[in-house]
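Okay, structure first, notes after.
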Amino acid sequence: MPSRSSTPAAVSTSALVVPQLSTEAAEGKRVFDAVCAACHGRNALGTEQGPPLVHDIYNPGHHSDEAFYFAAANGVRQHHWPFGNMPPQKVNRAEVDEIIAYVRELQKANGITYRPHNM
(Lines give C-alpha, C1' and ligand atoms only; values in the text may rest on other atoms or scores of the structure.)
Protein backbone atom coordinates (compact mmCIF):
# COMPACT_ATOMS: atom_id res chain seq x y z
CA MET A 1 0.00 0.00 0.00
CA PRO A 2 1.17 3.56 -0.64
CA SER A 3 2.27 5.73 2.22
CA ARG A 4 0.13 8.55 3.53
CA SER A 5 2.76 10.98 2.25
CA SER A 6 1.77 10.10 -1.32
CA THR A 7 -1.75 11.42 -0.78
CA PRO A 8 -2.89 15.06 -0.77
CA ALA A 9 -2.46 16.92 2.50
CA ALA A 10 -5.07 16.35 5.19
CA VAL A 11 -5.62 17.63 8.70
CA SER A 12 -2.84 16.25 10.90
CA THR A 13 -3.53 14.29 14.05
CA SER A 14 -2.01 17.01 16.20
CA ALA A 15 -4.02 19.78 14.51
CA LEU A 16 -7.38 17.96 14.44
CA VAL A 17 -10.22 19.73 16.22
CA VAL A 18 -12.79 17.29 17.59
CA PRO A 19 -15.92 19.30 18.37
CA GLN A 20 -18.63 18.66 20.92
CA LEU A 21 -20.76 16.30 18.83
CA SER A 22 -24.51 16.45 18.38
CA THR A 23 -26.45 13.39 19.53
CA GLU A 24 -26.74 12.15 15.93
CA ALA A 25 -23.03 12.68 15.25
CA ALA A 26 -22.05 10.95 18.51
CA GLU A 27 -24.03 7.92 17.38
CA GLY A 28 -22.37 8.28 13.96
CA LYS A 29 -18.96 8.18 15.64
CA ARG A 30 -19.94 4.92 17.35
CA VAL A 31 -20.98 3.38 14.01
CA PHE A 32 -17.97 4.88 12.20
CA ASP A 33 -15.58 3.43 14.81
CA ALA A 34 -17.17 -0.01 14.39
CA VAL A 35 -17.46 -0.07 10.60
CA CYS A 36 -15.24 2.58 8.97
CA ALA A 37 -12.29 3.40 11.22
CA ALA A 38 -10.24 0.33 10.30
CA CYS A 39 -9.65 1.91 6.90
CA HIS A 40 -10.60 5.58 7.29
CA GLY A 41 -8.84 5.93 10.65
CA ARG A 42 -9.59 7.26 14.09
CA ASN A 43 -11.53 10.51 13.74
CA ALA A 44 -11.58 9.91 9.96
CA LEU A 45 -7.91 10.85 9.53
CA GLY A 46 -7.13 7.97 7.17
CA THR A 47 -4.79 4.98 7.36
CA GLU A 48 -2.56 3.01 5.04
CA GLN A 49 -5.78 1.25 3.90
CA GLY A 50 -8.07 4.21 3.27
CA PRO A 51 -8.21 7.96 2.77
CA PRO A 52 -8.92 10.65 5.34
CA LEU A 53 -12.47 11.97 5.24
CA VAL A 54 -11.41 15.10 7.14
CA HIS A 55 -9.95 16.41 3.90
CA ASP A 56 -11.14 19.14 1.57
CA ILE A 57 -11.71 16.69 -1.28
CA TYR A 58 -14.68 15.39 0.74
CA ASN A 59 -16.23 18.85 1.24
CA PRO A 60 -19.99 18.75 0.59
CA GLY A 61 -19.60 20.55 -2.74
CA HIS A 62 -17.34 17.83 -4.12
CA HIS A 63 -18.74 14.77 -2.33
CA SER A 64 -22.37 15.28 -1.43
CA ASP A 65 -24.10 13.35 1.30
CA GLU A 66 -25.58 11.19 -1.44
CA ALA A 67 -22.04 10.11 -2.39
CA PHE A 68 -21.63 8.66 1.12
CA TYR A 69 -24.92 6.72 0.80
CA PHE A 70 -23.82 5.39 -2.60
CA ALA A 71 -20.36 4.43 -1.32
CA ALA A 72 -21.73 2.55 1.68
CA ALA A 73 -24.34 0.67 -0.36
CA ASN A 74 -22.37 -0.02 -3.53
CA GLY A 75 -18.71 0.44 -2.74
CA VAL A 76 -16.48 2.82 -4.68
CA ARG A 77 -13.98 2.27 -7.44
CA GLN A 78 -10.62 3.88 -6.76
CA HIS A 79 -10.52 7.39 -8.20
CA HIS A 80 -8.97 10.07 -5.94
CA TRP A 81 -6.61 7.91 -3.93
CA PRO A 82 -4.22 4.99 -4.45
CA PHE A 83 -5.88 2.72 -1.85
CA GLY A 84 -7.81 0.46 -4.19
CA ASN A 85 -11.55 -0.09 -4.39
CA MET A 86 -13.82 0.22 -1.35
CA PRO A 87 -16.27 -2.66 -0.95
CA PRO A 88 -19.92 -2.10 0.02
CA GLN A 89 -20.45 -1.81 3.77
CA LYS A 90 -23.03 -3.49 5.98
CA VAL A 91 -24.77 -0.38 7.30
CA ASN A 92 -28.32 0.80 6.86
CA ARG A 93 -29.42 4.23 5.68
CA ALA A 94 -30.09 5.50 9.23
CA GLU A 95 -26.56 4.50 10.24
CA VAL A 96 -25.14 6.27 7.19
CA ASP A 97 -27.16 9.37 8.19
CA GLU A 98 -25.38 9.27 11.53
CA ILE A 99 -21.95 8.65 9.98
CA ILE A 100 -22.48 11.63 7.66
CA ALA A 101 -23.44 13.83 10.62
CA TYR A 102 -20.22 12.77 12.38
CA VAL A 103 -17.98 13.33 9.36
CA ARG A 104 -19.59 16.67 8.49
CA GLU A 105 -19.25 17.94 12.07
CA LEU A 106 -15.56 16.92 12.10
CA GLN A 107 -15.06 18.60 8.73
CA LYS A 108 -16.77 21.83 9.79
CA ALA A 109 -14.75 22.03 13.01
CA ASN A 110 -11.63 21.77 10.88
CA GLY A 111 -12.59 24.42 8.34
CA ILE A 112 -13.88 22.07 5.65
CA THR A 113 -17.14 23.49 4.36
CA TYR A 114 -19.14 23.53 1.15
CA ARG A 115 -17.22 24.70 -1.89
CA PRO A 116 -18.68 24.27 -5.38
CA HIS A 117 -16.93 21.58 -7.37
CA ASN A 118 -15.24 23.01 -10.44
CA MET A 119 -13.60 20.72 -12.96
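If you're wondering about the labels, chains in the C-alpha coordinates are A, B, ... by order shown, residues count from 1 in each chain, ligands from 1 in order shown.
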Query raised in the report: Neighbours of Asn85 in chain A within 12 Å (only C-alpha atoms; same-chain residues fewer than 3 positions away dropped), as an MDAnalysis selection string?
Result: chainID A and resid 39 49:51 71 74:82 88
**Report entry** Who sits within 7 Å of Val11 in chain A, only C-alpha atoms, same chain under 4 positions skipped, as a list in words
**Finding:** Ala15, Leu16, Val54 and His55 of chain A
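Checking A:Val35, A:Ala94, A:Gln20, A:Ile100 one by one against Asp65 in chain A, counting only C-alpha atoms, you find the shortest gap at A:Ile100.
Picture a line from CA of Pro116 in chain A to CA of Ser22 in chain A; it runs 25.7 Å.
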Query raised in the report: What are the DSSP helix (DSSP H, G or I) residues of range 1-75 of chain A, as an MDAnalysis selection string?
Result: chainID A and resid 4:6 23:35 37:40 42:44 56:58 65:74
